[in-house]
file my_file.cif (mmCIF, C-alpha atoms)
data_target
#
loop_
_atom_site.label_atom_id
_atom_site.label_comp_id
_atom_site.auth_asym_id
_atom_site.auth_seq_id
_atom_site.Cartn_x
_atom_site.Cartn_y
_atom_site.Cartn_z
CA MET A 11 -48.67 42.36 110.66
CA PRO A 12 -44.87 42.53 110.47
CA ALA A 13 -43.37 39.74 112.59
CA THR A 14 -39.82 38.50 111.96
CA VAL A 15 -38.32 35.27 113.30
CA VAL A 16 -34.61 34.88 114.06
CA VAL A 17 -33.48 31.25 114.21
CA GLY A 18 -30.16 29.45 114.54
CA THR A 19 -29.41 27.15 111.62
CA GLN A 20 -26.63 24.94 113.01
CA TRP A 21 -26.02 23.60 116.55
CA GLY A 22 -26.30 26.93 118.32
CA ASP A 23 -23.85 29.71 119.22
CA GLU A 24 -24.21 31.25 115.75
CA GLY A 25 -24.52 34.82 117.04
CA LYS A 26 -28.29 35.20 117.39
CA GLY A 27 -27.88 37.71 120.19
CA LYS A 28 -25.83 40.09 118.09
CA LEU A 29 -28.21 39.89 115.14
CA THR A 30 -31.27 40.34 117.34
CA ASP A 31 -29.61 43.35 118.94
CA LEU A 32 -28.94 44.77 115.48
CA LEU A 33 -32.47 44.17 114.18
CA ALA A 34 -34.02 45.51 117.39
CA ARG A 35 -33.32 49.07 116.30
CA GLU A 36 -36.32 48.81 113.97
CA MET A 37 -38.53 46.76 116.31
CA ALA A 38 -41.05 47.70 118.98
CA MET A 39 -40.97 44.35 120.73
CA VAL A 40 -38.58 41.39 121.03
CA VAL A 41 -40.06 38.08 122.18
CA ARG A 42 -38.11 35.02 123.31
CA TYR A 43 -40.13 31.98 122.23
CA GLN A 44 -38.47 28.83 123.69
CA GLY A 45 -35.60 27.41 125.71
CA GLY A 46 -34.37 28.42 129.13
CA HIS A 47 -31.16 29.65 130.71
CA ASN A 48 -29.26 26.88 128.96
CA ALA A 49 -28.94 29.26 126.00
CA GLY A 50 -26.53 32.18 126.20
CA HIS A 51 -26.40 35.20 123.91
CA THR A 52 -23.45 37.60 124.01
CA VAL A 53 -23.82 41.16 122.75
CA VAL A 54 -20.91 43.62 122.65
CA VAL A 55 -21.83 47.31 122.86
CA GLU A 56 -19.05 49.91 122.83
CA GLY A 57 -16.61 47.29 124.08
CA GLU A 58 -18.83 46.13 126.95
CA HIS A 59 -20.00 42.53 126.96
CA PHE A 60 -23.57 41.64 127.89
CA ALA A 61 -24.09 37.91 128.47
CA LEU A 62 -27.83 37.21 128.27
CA GLN A 63 -29.52 33.92 129.13
CA LEU A 64 -33.27 34.37 129.60
CA VAL A 65 -33.76 38.04 128.83
CA PRO A 66 -34.45 38.88 125.16
CA SER A 67 -31.49 40.55 123.45
CA GLY A 68 -33.56 43.61 122.55
CA ILE A 69 -33.59 44.77 126.17
CA LEU A 70 -30.43 46.77 125.47
CA TYR A 71 -32.58 49.31 123.59
CA PRO A 72 -34.76 51.58 125.77
CA HIS A 73 -37.61 51.65 123.20
CA ILE A 74 -38.03 47.85 123.14
CA VAL A 75 -40.65 45.90 125.10
CA PRO A 76 -38.86 42.62 125.91
CA ILE A 77 -41.13 39.61 126.43
CA ILE A 78 -40.46 36.09 127.64
CA GLY A 79 -43.06 33.99 125.83
CA ASN A 80 -45.12 31.04 126.98
CA GLY A 81 -42.75 28.56 125.28
CA VAL A 82 -39.86 29.42 127.60
CA VAL A 83 -39.06 27.64 130.87
CA VAL A 84 -38.08 30.13 133.56
CA ASP A 85 -35.83 29.82 136.57
CA PRO A 86 -36.98 32.90 138.51
CA GLY A 87 -33.76 33.15 140.50
CA VAL A 88 -31.70 33.25 137.32
CA LEU A 89 -34.06 35.75 135.70
CA LEU A 90 -33.89 38.14 138.64
CA ALA A 91 -30.11 37.87 138.90
CA GLU A 92 -29.79 38.60 135.19
CA LEU A 93 -32.07 41.64 135.43
CA ASP A 94 -30.12 42.90 138.46
CA GLY A 95 -26.87 42.54 136.52
CA LEU A 96 -28.27 44.51 133.60
CA ALA A 97 -29.64 47.22 135.88
CA ALA A 98 -26.21 47.54 137.51
CA LYS A 99 -24.82 48.32 134.05
CA GLY A 100 -27.40 51.03 133.48
CA VAL A 101 -29.84 49.02 131.36
CA ASP A 102 -33.54 49.86 131.84
CA THR A 103 -35.34 46.63 132.72
CA SER A 104 -38.67 48.17 133.74
CA LYS A 105 -40.50 47.11 130.55
CA MET A 106 -39.78 43.40 131.01
CA VAL A 107 -42.85 41.16 130.55
CA VAL A 108 -43.05 37.46 131.40
CA SER A 109 -45.87 35.31 130.07
CA GLY A 110 -48.02 33.91 132.85
CA ASN A 111 -48.19 30.68 130.84
CA ALA A 112 -44.42 30.11 130.84
CA HIS A 113 -43.41 27.13 132.97
CA LEU A 114 -41.19 27.34 136.02
CA ILE A 115 -37.94 25.46 136.51
CA MET A 116 -38.06 24.02 140.01
CA PRO A 117 -35.25 22.75 142.27
CA TYR A 118 -36.27 19.13 141.66
CA HIS A 119 -35.87 19.66 137.90
CA GLN A 120 -32.28 20.71 138.42
CA GLU A 121 -31.55 17.86 140.81
CA ILE A 122 -33.06 15.26 138.47
CA ASP A 123 -31.12 16.71 135.54
CA ARG A 124 -27.84 16.41 137.44
CA VAL A 125 -28.32 12.89 138.77
CA THR A 126 -29.69 11.60 135.46
CA GLU A 127 -26.64 12.79 133.54
CA ARG A 128 -24.33 11.15 136.08
CA TYR A 129 -26.39 7.96 135.95
CA LEU A 130 -26.12 7.78 132.14
CA GLY A 131 -22.32 7.86 132.32
CA LYS A 132 -20.75 7.53 128.86
CA ASN A 133 -24.24 7.72 127.35
CA ALA A 134 -24.89 11.16 128.87
CA LEU A 135 -26.50 13.67 126.52
CA GLY A 136 -24.26 16.57 127.53
CA THR A 137 -27.04 18.74 128.98
CA THR A 138 -26.23 21.94 130.86
CA ARG A 139 -27.81 20.36 133.97
CA ARG A 140 -29.98 23.46 134.48
CA GLY A 141 -33.26 21.52 134.75
CA ILE A 142 -34.48 22.46 131.28
CA GLY A 143 -35.36 18.96 130.04
CA PRO A 144 -37.15 17.85 133.22
CA ALA A 145 -39.17 21.10 133.24
CA TYR A 146 -40.34 20.51 129.67
CA ALA A 147 -41.07 16.88 130.54
CA ASP A 148 -43.35 18.00 133.37
CA LYS A 149 -45.01 20.47 131.03
CA ALA A 150 -45.84 17.64 128.63
CA ALA A 151 -46.95 15.43 131.52
CA ARG A 152 -49.26 18.26 132.68
CA VAL A 153 -47.80 18.45 136.17
CA GLY A 154 -45.72 21.59 135.65
CA LEU A 155 -46.00 24.78 137.67
CA ARG A 156 -46.35 27.99 135.67
CA VAL A 157 -45.28 31.57 136.28
CA GLN A 158 -48.89 32.55 137.01
CA ASP A 159 -48.93 30.06 139.88
CA LEU A 160 -46.52 32.35 141.75
CA LEU A 161 -49.43 34.79 142.07
CA ASP A 162 -51.66 32.31 143.93
CA ALA A 163 -49.97 30.77 146.95
CA LYS A 164 -52.76 28.27 147.58
CA ILE A 165 -52.64 26.88 144.04
CA PHE A 166 -48.83 26.84 144.07
CA LYS A 167 -48.69 24.82 147.28
CA GLN A 168 -51.35 22.36 146.10
CA LYS A 169 -49.56 21.69 142.82
CA LEU A 170 -46.17 21.47 144.51
CA GLU A 171 -47.44 18.96 147.07
CA VAL A 172 -48.65 16.60 144.34
CA VAL A 173 -45.59 16.75 142.14
CA LEU A 174 -42.96 16.83 144.90
CA LYS A 175 -44.28 13.59 146.37
CA GLU A 176 -43.46 11.82 143.09
CA LYS A 177 -40.13 13.62 142.55
CA ASN A 178 -38.85 12.88 146.03
CA ALA A 179 -39.77 9.21 145.62
CA ILE A 180 -37.74 9.08 142.39
CA LEU A 181 -34.79 10.91 143.92
CA ALA A 182 -34.74 8.66 147.00
CA LYS A 183 -35.55 5.25 145.53
CA VAL A 184 -33.80 5.50 142.16
CA TYR A 185 -30.91 7.87 142.79
CA ASN A 186 -30.43 7.56 146.58
CA ARG A 187 -30.79 11.31 147.08
CA LEU A 188 -32.25 13.17 150.04
CA PRO A 189 -35.81 14.49 149.61
CA LEU A 190 -36.36 18.16 148.85
CA SER A 191 -38.29 20.32 151.29
CA ALA A 192 -41.63 21.74 150.11
CA GLU A 193 -41.39 24.37 152.86
CA GLU A 194 -38.00 25.61 151.62
CA ILE A 195 -39.19 25.70 148.02
CA CYS A 196 -42.30 27.68 148.97
CA GLU A 197 -40.22 30.07 151.03
CA ALA A 198 -38.04 30.91 148.03
CA TYR A 199 -40.64 30.88 145.27
CA LEU A 200 -43.56 32.48 147.12
CA GLY A 201 -41.26 34.93 148.90
CA GLU A 202 -38.79 37.10 147.03
CA TYR A 203 -39.38 35.46 143.65
CA ALA A 204 -43.13 36.04 143.65
CA ALA A 205 -42.84 39.59 144.98
CA ARG A 206 -40.34 40.64 142.35
CA VAL A 207 -41.73 38.69 139.40
CA GLU A 208 -45.39 39.68 139.91
CA PRO A 209 -45.07 43.17 138.32
CA MET A 210 -43.63 41.57 135.18
CA VAL A 211 -46.28 38.88 134.67
CA GLY A 212 -48.71 39.64 131.89
CA ASP A 213 -50.82 38.51 128.97
CA ALA A 214 -47.98 38.11 126.50
CA VAL A 215 -50.24 36.85 123.70
CA GLY A 216 -52.48 39.90 124.03
CA LEU A 217 -49.56 42.35 124.09
CA ILE A 218 -47.93 40.80 121.04
CA HIS A 219 -51.13 40.86 119.00
CA GLU A 220 -51.88 44.43 120.02
CA ALA A 221 -48.45 45.44 118.72
CA LEU A 222 -48.92 43.53 115.46
CA GLU A 223 -52.41 44.95 114.91
CA ALA A 224 -50.98 48.44 115.41
CA GLY A 225 -48.48 47.78 112.64
CA SER A 226 -45.47 47.66 114.97
CA ASN A 227 -42.49 45.47 114.14
CA VAL A 228 -42.14 42.42 116.38
CA LEU A 229 -39.08 40.18 116.52
CA LEU A 230 -39.44 36.56 117.65
CA GLU A 231 -36.12 35.30 119.02
CA GLY A 232 -35.22 31.65 119.38
CA ALA A 233 -32.61 29.98 121.54
CA GLN A 234 -30.38 27.03 120.56
CA ALA A 235 -30.75 26.12 116.90
CA THR A 236 -32.31 23.99 114.17
CA PHE A 237 -30.24 20.84 114.71
CA LEU A 238 -30.87 20.92 118.45
CA ASP A 239 -34.62 20.88 117.78
CA LEU A 240 -36.46 18.14 119.66
CA ASP A 241 -38.14 16.86 116.47
CA HIS A 242 -35.74 17.82 113.69
CA GLY A 243 -32.33 17.80 115.37
CA THR A 244 -29.75 15.07 115.85
CA TYR A 245 -31.88 13.20 118.39
CA PRO A 246 -31.26 12.35 121.21
CA PHE A 247 -28.47 14.95 121.34
CA VAL A 248 -30.96 17.80 121.21
CA THR A 249 -32.69 20.30 123.45
CA SER A 250 -36.17 19.75 124.89
CA SER A 251 -38.09 22.31 122.84
CA ASN A 252 -38.52 23.48 119.23
CA PRO A 253 -36.04 26.18 118.18
CA VAL A 254 -37.16 25.95 114.53
CA ALA A 255 -39.29 28.77 113.15
CA GLY A 256 -42.48 26.79 113.76
CA GLY A 257 -41.68 26.93 117.47
CA ALA A 258 -42.02 30.71 117.30
CA CYS A 259 -45.73 30.29 116.64
CA THR A 260 -46.47 27.92 119.52
CA GLY A 261 -44.03 29.66 121.86
CA THR A 262 -45.64 33.09 121.47
CA GLY A 263 -49.23 32.53 120.35
CA VAL A 264 -48.60 34.12 116.94
CA GLY A 265 -50.04 32.38 113.89
CA PRO A 266 -47.86 31.71 110.81
CA ARG A 267 -49.66 34.27 108.63
CA ALA A 268 -48.40 37.02 110.93
CA ILE A 269 -44.77 36.22 110.06
CA ASP A 270 -43.26 38.21 107.19
CA SER A 271 -39.71 36.86 107.21
CA VAL A 272 -37.53 34.22 108.80
CA ILE A 273 -33.85 35.09 109.14
CA GLY A 274 -31.43 32.22 109.71
CA ILE A 275 -28.13 32.74 111.51
CA ALA A 276 -25.09 30.70 110.52
CA LYS A 277 -21.43 30.85 111.41
CA ALA A 278 -18.88 30.87 108.59
CA TYR A 279 -17.84 27.55 110.12
CA VAL A 280 -19.70 25.16 112.46
CA THR A 281 -19.52 24.58 116.21
CA ARG A 282 -21.18 22.19 118.59
CA VAL A 283 -21.24 21.78 122.38
CA GLY A 284 -21.62 18.38 123.97
CA ALA A 285 -22.14 14.96 122.44
CA GLY A 286 -23.60 14.01 119.06
CA PRO A 287 -22.59 13.51 115.41
CA PHE A 288 -20.58 16.22 113.64
CA PRO A 289 -19.62 15.35 110.03
CA THR A 290 -17.24 18.30 109.45
CA GLU A 291 -15.59 18.34 112.87
CA CYS A 292 -11.87 19.18 112.80
CA LEU A 293 -9.96 17.15 115.36
CA ASP A 294 -6.61 18.58 114.32
CA GLU A 295 -4.80 21.92 114.44
CA THR A 296 -7.54 23.51 112.33
CA GLY A 297 -10.07 22.87 115.09
CA ASP A 298 -7.70 24.38 117.67
CA ILE A 299 -7.26 27.51 115.54
CA LEU A 300 -11.02 27.94 115.17
CA VAL A 301 -11.49 27.57 118.94
CA GLU A 302 -8.75 30.10 119.69
CA ARG A 303 -9.64 32.71 117.07
CA GLY A 304 -13.38 32.32 117.54
CA HIS A 305 -13.20 32.25 121.37
CA GLU A 306 -15.32 29.13 121.20
CA PHE A 307 -16.26 28.55 124.79
CA GLY A 308 -19.85 28.40 126.03
CA THR A 309 -21.39 31.63 127.35
CA ASN A 310 -23.12 29.77 130.17
CA THR A 311 -21.01 26.69 130.79
CA GLY A 312 -17.52 27.73 129.68
CA ARG A 313 -17.24 24.41 127.85
CA ARG A 314 -14.94 24.27 124.84
CA ARG A 315 -16.94 24.00 121.62
CA ARG A 316 -16.20 21.44 118.95
CA CYS A 317 -15.35 23.15 115.66
CA GLY A 318 -15.45 22.22 111.98
CA TRP A 319 -15.81 23.51 108.45
CA PHE A 320 -19.02 25.03 107.07
CA ASP A 321 -21.63 22.38 106.29
CA ALA A 322 -23.89 23.32 103.36
CA VAL A 323 -25.80 20.04 103.70
CA MET A 324 -27.06 21.10 107.12
CA LEU A 325 -27.89 24.60 105.91
CA ARG A 326 -29.95 23.32 102.98
CA GLN A 327 -32.00 21.32 105.47
CA ALA A 328 -32.30 24.36 107.76
CA VAL A 329 -33.63 26.37 104.81
CA ARG A 330 -36.32 23.72 104.33
CA LEU A 331 -37.26 23.33 107.98
CA ASN A 332 -37.54 27.06 108.68
CA SER A 333 -38.66 28.48 105.31
CA LEU A 334 -35.72 30.86 105.53
CA SER A 335 -36.06 34.18 103.74
CA GLU A 336 -32.37 35.00 104.11
CA VAL A 337 -29.25 34.14 106.09
CA ALA A 338 -26.96 36.27 108.22
CA LEU A 339 -23.42 34.88 108.29
CA THR A 340 -21.32 35.54 111.38
CA LYS A 341 -17.64 35.29 112.31
CA LEU A 342 -16.26 35.45 108.79
CA ASP A 343 -13.21 37.14 110.31
CA VAL A 344 -12.31 33.95 112.20
CA LEU A 345 -11.23 32.43 108.87
CA ASP A 346 -8.82 35.31 108.10
CA SER A 347 -5.65 33.30 108.73
CA PHE A 348 -6.40 30.28 106.51
CA GLU A 349 -4.71 29.93 103.13
CA THR A 350 -7.60 27.74 102.00
CA VAL A 351 -11.08 27.15 103.43
CA LYS A 352 -13.29 24.11 103.02
CA VAL A 353 -17.03 23.81 102.53
CA CYS A 354 -18.91 20.54 102.89
CA VAL A 355 -21.19 20.29 99.84
CA GLY A 356 -22.42 16.71 100.32
CA TYR A 357 -22.21 13.53 102.38
CA ARG A 358 -21.12 10.06 101.34
CA ALA A 359 -22.10 6.82 103.08
CA GLY A 360 -22.53 3.22 101.94
CA GLY A 361 -21.80 4.10 98.32
CA GLU A 362 -24.57 6.72 98.31
CA THR A 363 -24.22 10.50 98.06
CA PHE A 364 -26.48 12.82 100.04
CA ARG A 365 -27.35 16.44 99.29
CA TYR A 366 -29.50 16.61 102.43
CA PRO A 367 -28.92 14.84 105.77
CA PRO A 368 -30.03 11.18 105.66
CA TYR A 369 -33.13 10.61 107.76
CA HIS A 370 -31.77 7.54 109.58
CA GLN A 371 -29.47 8.26 112.51
CA SER A 372 -27.26 5.22 111.87
CA THR A 373 -26.46 6.51 108.39
CA PHE A 374 -25.94 10.07 109.60
CA HIS A 375 -23.44 8.93 112.23
CA GLN A 376 -21.37 7.26 109.48
CA VAL A 377 -21.34 9.91 106.76
CA GLU A 378 -18.14 11.26 105.27
CA ALA A 379 -18.06 14.93 104.30
CA ILE A 380 -17.49 15.82 100.65
CA TYR A 381 -15.54 19.08 100.46
CA GLU A 382 -14.98 21.90 98.01
CA GLU A 383 -11.81 23.86 98.76
CA LEU A 384 -11.68 27.62 98.19
CA PRO A 385 -8.83 30.13 98.42
CA GLY A 386 -8.52 32.05 101.69
CA TRP A 387 -8.04 35.82 101.86
CA LEU A 388 -5.30 36.18 104.53
CA THR A 389 -6.59 39.65 105.37
CA ASP A 390 -7.90 41.16 108.60
CA LEU A 391 -11.61 41.81 108.01
CA SER A 392 -12.42 43.33 111.40
CA ALA A 393 -12.49 46.96 110.17
CA VAL A 394 -14.38 46.32 106.92
CA THR A 395 -17.82 47.95 106.70
CA GLU A 396 -18.53 47.91 102.94
CA VAL A 397 -18.85 44.95 100.57
CA GLY A 398 -16.43 46.52 98.11
CA ASP A 399 -13.71 46.59 100.76
CA LEU A 400 -13.86 42.84 101.34
CA PRO A 401 -11.11 40.85 99.60
CA GLY A 402 -12.32 39.11 96.45
CA ALA A 403 -11.77 35.68 97.99
CA ALA A 404 -13.98 36.57 100.97
CA ARG A 405 -16.75 37.80 98.66
CA ASP A 406 -16.40 34.63 96.60
CA TYR A 407 -16.69 32.50 99.74
CA VAL A 408 -19.93 34.21 100.77
CA ALA A 409 -21.31 33.92 97.23
CA PHE A 410 -20.41 30.22 97.11
CA LEU A 411 -22.24 29.56 100.37
CA ALA A 412 -25.33 31.44 99.19
CA ASP A 413 -25.34 29.45 95.96
CA GLN A 414 -25.03 26.18 97.88
CA ILE A 415 -27.92 26.86 100.27
CA GLY A 416 -30.23 28.58 97.79
CA VAL A 417 -31.12 31.72 99.77
CA PRO A 418 -29.38 35.12 99.88
CA ILE A 419 -26.82 36.01 102.52
CA LYS A 420 -27.61 39.64 103.30
CA LEU A 421 -25.53 40.34 106.38
CA VAL A 422 -21.99 39.23 107.22
CA GLY A 423 -20.36 39.66 110.62
CA VAL A 424 -16.65 40.53 110.76
CA GLY A 425 -16.18 40.90 114.52
CA PRO A 426 -17.99 40.72 117.88
CA GLY A 427 -18.96 44.39 118.10
CA ARG A 428 -22.43 45.77 117.43
CA GLU A 429 -21.18 47.68 114.35
CA GLN A 430 -18.86 45.02 112.95
CA PHE A 431 -20.92 43.79 110.02
CA VAL A 432 -21.21 44.20 106.26
CA ARG A 433 -24.53 44.46 104.43
CA PHE A 434 -24.78 42.65 101.11
CA ALA A 435 -27.28 43.67 98.44
CA ALA A 436 -30.49 41.63 98.32
#

call {"tool": "encode", "arguments": {"input": "my_file.cif", "output": "structure tokens"}}
result
Amino acid sequence: MPATVVVGTQWGDEGKGKLTDLLAREMAMVVRYQGGHNAGHTVVVEGEHFALQLVPSGILYPHIVPIIGNGVVVDPGVLLAELDGLAAKGVDTSKMVVSGNAHLIMPYHQEIDRVTERYLGKNALGTTRRGIGPAYADKAARVGLRVQDLLDAKIFKQKLEVVLKEKNAILAKVYNRLPLSAEEICEAYLGEYAARVEPMVGDAVGLIHEALEAGSNVLLEGAQATFLDLDHGTYPFVTSSNPVAGGACTGTGVGPRAIDSVIGIAKAYVTRVGAGPFPTECLDETGDILVERGHEFGTNTGRRRRCGWFDAVMLRQAVRLNSLSEVALTKLDVLDSFETVKVCVGYRAGGETFRYPPYHQSTFHQVEAIYEELPGWLTDLSAVTEVGDLPGAARDYVAFLADQIGVPIKLVGVGPGREQFVRFAA
């Protein structure tokens, strides 16, 4: 039963969309297993940019069945707008399937997300304020509304009445906000949203297992990345779900024995959006160059990303947490203009050296990066398609990273386009 998981290994924005799009050629189904529309994937096909948020990247291929799994939180308005945008560009969206067990993002989730971030002030977590965290919180508290509830107006209204009473009390008494109208919410969700979403709602678990049992290739696609994982990331500066490979099992209903390989995506450097520790962050001209050359601004938010040198300590941990089979390295071309490039090979704090991230957050916030410096290649890589055509220094850089993290790097991206990559031997 050939299932493959694609997972980010850093703090997100590694290029999962491009890799998923590339792998989808050999897949029958692409399943998104967690996150919401706080995660953006950008795929470039023949010079045209497709910015995807909720829809699985494989939708750009007509043979793919794209599925939004039960582990995702869905804003139906955003989903429909995204599908409309794709259809306007000639993309067939008729095969789209949404798990009936996926939870809905409601207007009160978004409002609570916004006011909470403002209330926290300098201690804000840097969320996208899209309602993702509050939706997952309601899921855990067992008061969430699910996609299947859109198909039963009576159940939807009953659940909404119970939860909105509590949410409006919080908004009014804690945050001095006006109450939200149950009638207006029902009008939107049980009106156009329900009518348009209903044909897409299905038994995602059943469809996935039918494909696997038939011997079809299934790709499980995560959002965000390993170090934004709720359990294993740099808490509390994390997302509200589990992007690690284990999350692919709970977010789709696929058991671990069905997974053949786990492919980790890493940038040739590191980026991060929002608050939180960042041991290799470059706060000088180097960081500005990486932002400019890498176009490091959020797909969804437009926020400037923080940039730094490649961190092998993080990647070693990501290998452990995800049982990575291999790594795909993206944006190697962004380093083309550097005479030398640095790689963090260890951390130092309190007289101790760390090969893996220290478990205690206080120590992690204080670590100093230990660097190895390698020669740059000062060559434009954007047209390279064969390993032998890469400059020796670029090949040495990739080999050094693979040696540091202990798993092979089999694919290297040299530009944003669908065909701009180099395959390395296994």

call {"tool": "atom_distance", "arguments": {"input": "my_file.cif", "atom1": "CA of Lys277 (chain A)", "atom2": "CA of Phe434 (chain A)"}}
result
16.0 Å

call {"tool": "residues_around", "arguments": {"input": "my_file.cif", "residues": "Met106 (chain A)", "least_positions_apart": "5", "cutoff": "12 Å", "atoms": "all atoms listed in the file", "output": "PyMOL selection string"}}
result
chain A and resi 39-42+64-79+89-90+92-93+96-97+101+206-212+214

call {"tool": "closest_residue", "arguments": {"input": "my_file.cif", "among": "A:Gly398, A:Gly263, A:Pro289, A:Gly416", "to": "Val432 (chain A)", "atoms": "all atoms listed in the file"}}
result
A:Gly398

call {"tool": "resolve_selection", "arguments": {"input": "my_file.cif", "expression": "the PyMOL selection byres ((chain A and resi 150-164) around 9)", "output": "ChimeraX atom specification"}}
result
/A:83-84,86,108-116,145-149,165-170,172-173,196,199-200,203-205,207-208,211-212

call {"tool": "resolve_selection", "arguments": {"input": "my_file.cif", "expression": "the PyMOL selection byres ((chain A and resi 382) around 6)", "output": "short mmCIF file (atom, residue, chain, number, x, y, z; two decimals) with C-alpha atoms, keeping the file's coordinate frame"}}
result
data_model
loop_
_atom_site.label_atom_id
_atom_site.label_comp_id
_atom_site.auth_asym_id
_atom_site.auth_seq_id
_atom_site.Cartn_x
_atom_site.Cartn_y
_atom_site.Cartn_z
CA LYS A 352 -13.29 24.11 103.02
CA VAL A 353 -17.03 23.81 102.53
CA TYR A 381 -15.54 19.08 100.46
CA GLU A 383 -11.81 23.86 98.76
#

call {"tool": "residues_around", "arguments": {"input": "my_file.cif", "residues": "Gly45 (chain A)", "least_positions_apart": "2", "cutoff": "9 Å", "atoms": "all atoms listed in the file", "output": "VMD selection string"}}
result
chain A and resid 42 to 43 47 to 49 64 81 to 84 142 232 to 234 249 to 253

call {"tool": "write_last_selection", "arguments": {"input": "my_file.cif", "atoms": "C-alpha atoms", "output": "compact mmCIF listing (two decimals), in the coordinates of the input"}}
result
# COMPACT_ATOMS: atom_id res chain seq x y z
CA ARG A 42 -38.11 35.02 123.31
CA TYR A 43 -40.13 31.98 122.23
CA HIS A 47 -31.16 29.65 130.71
CA ASN A 48 -29.26 26.88 128.96
CA ALA A 49 -28.94 29.26 126.00
CA LEU A 64 -33.27 34.37 129.60
CA GLY A 81 -42.75 28.56 125.28
CA VAL A 82 -39.86 29.42 127.60
CA VAL A 83 -39.06 27.64 130.87
CA VAL A 84 -38.08 30.13 133.56
CA ILE A 142 -34.48 22.46 131.28
CA GLY A 232 -35.22 31.65 119.38
CA ALA A 233 -32.61 29.98 121.54
CA GLN A 234 -30.38 27.03 120.56
CA THR A 249 -32.69 20.30 123.45
CA SER A 250 -36.17 19.75 124.89
CA SER A 251 -38.09 22.31 122.84
CA ASN A 252 -38.52 23.48 119.23
CA PRO A 253 -36.04 26.18 118.18

call {"tool": "closest_residue", "arguments": {"input": "my_file.cif", "among": "A:Gly265, A:Gly243, A:Pro12, A:Gly141", "to": "Gln120 (chain A)", "atoms": "all atoms listed in the file"}}
result
A:Gly141

call {"tool": "residues_around", "arguments": {"input": "my_file.cif", "residues": "Lys26 (chain A)", "least_positions_apart": "5", "cutoff": "12 Å", "atoms": "all atoms listed in the file", "output": "count of residues only"}}
result
42

call {"tool": "closest_residue", "arguments": {"input": "my_file.cif", "among": "A:Glu127, A:Glu121, A:Glu176, A:Glu306", "to": "Gly22 (chain A)", "atoms": "all atoms listed in the file"}}
result
A:Glu306

call {"tool": "resolve_selection", "arguments": {"input": "my_file.cif", "expression": "the PyMOL selection byres ((chain A and resi 431) around 8)", "output": "MDAnalysis selection string"}}
result
chainID A and resid 394:395 421:425 428:430 432:433

call {"tool": "closest_residue", "arguments": {"input": "my_file.cif", "among": "A:Glu291, A:Glu58, A:Glu302, A:Glu336", "to": "Gly318 (chain A)", "atoms": "only C-alpha atoms"}}
result
A:Glu291

call {"tool": "atom_distance", "arguments": {"input": "my_file.cif", "atom1": "CA of Glu295 (chain A)", "atom2": "CA of Thr350 (chain A)"}}
result
14.0 Å

call {"tool": "atom_distance", "arguments": {"input": "my_file.cif", "atom1": "CA of Glu202 (chain A)", "atom2": "CA of Val88 (chain A)"}}
result
12.6 Å

call {"tool": "residues_near_point", "arguments": {"input": "my_file.cif", "point": "(-36.4, 23.9, 116.2)", "cutoff": "7 Å", "atoms": "only C-alpha atoms", "output": "list in words"}}
result
Ala235, Thr236, Leu238, Asp239, Leu240, His242, Asn252, Pro253, Val254, Ala255 and Gly257 of chain A

call {"tool": "closest_residue", "arguments": {"input": "my_file.cif", "among": "A:His119, A:Arg405, A:Arg140, A:His219", "to": "Leu174 (chain A)", "atoms": "all atoms listed in the file"}}
result
A:His119

call {"tool": "residues_around", "arguments": {"input": "my_file.cif", "residues": "Asp298 (chain A)", "least_positions_apart": "6", "cutoff": "12 Å", "atoms": "only C-alpha atoms", "output": "short mmCIF file (atom, residue, chain, number, x, y, z; two decimals) with C-alpha atoms, keeping the file's coordinate frame"}}
result
data_model
loop_
_atom_site.label_atom_id
_atom_site.label_comp_id
_atom_site.auth_asym_id
_atom_site.auth_seq_id
_atom_site.Cartn_x
_atom_site.Cartn_y
_atom_site.Cartn_z
CA THR A 281 -19.52 24.58 116.21
CA GLU A 291 -15.59 18.34 112.87
CA CYS A 292 -11.87 19.18 112.80
CA GLY A 304 -13.38 32.32 117.54
CA HIS A 305 -13.20 32.25 121.37
CA GLU A 306 -15.32 29.13 121.20
CA PHE A 307 -16.26 28.55 124.79
CA ARG A 314 -14.94 24.27 124.84
CA ARG A 315 -16.94 24.00 121.62
CA ARG A 316 -16.20 21.44 118.95
CA CYS A 317 -15.35 23.15 115.66
CA GLY A 318 -15.45 22.22 111.98
CA VAL A 344 -12.31 33.95 112.20
#

call {"tool": "closest_residue", "arguments": {"input": "my_file.cif", "among": "A:Val264, A:Leu29, A:Ile218, A:Ile122", "to": "Leu181 (chain A)", "atoms": "only C-alpha atoms"}}
result
A:Ile122
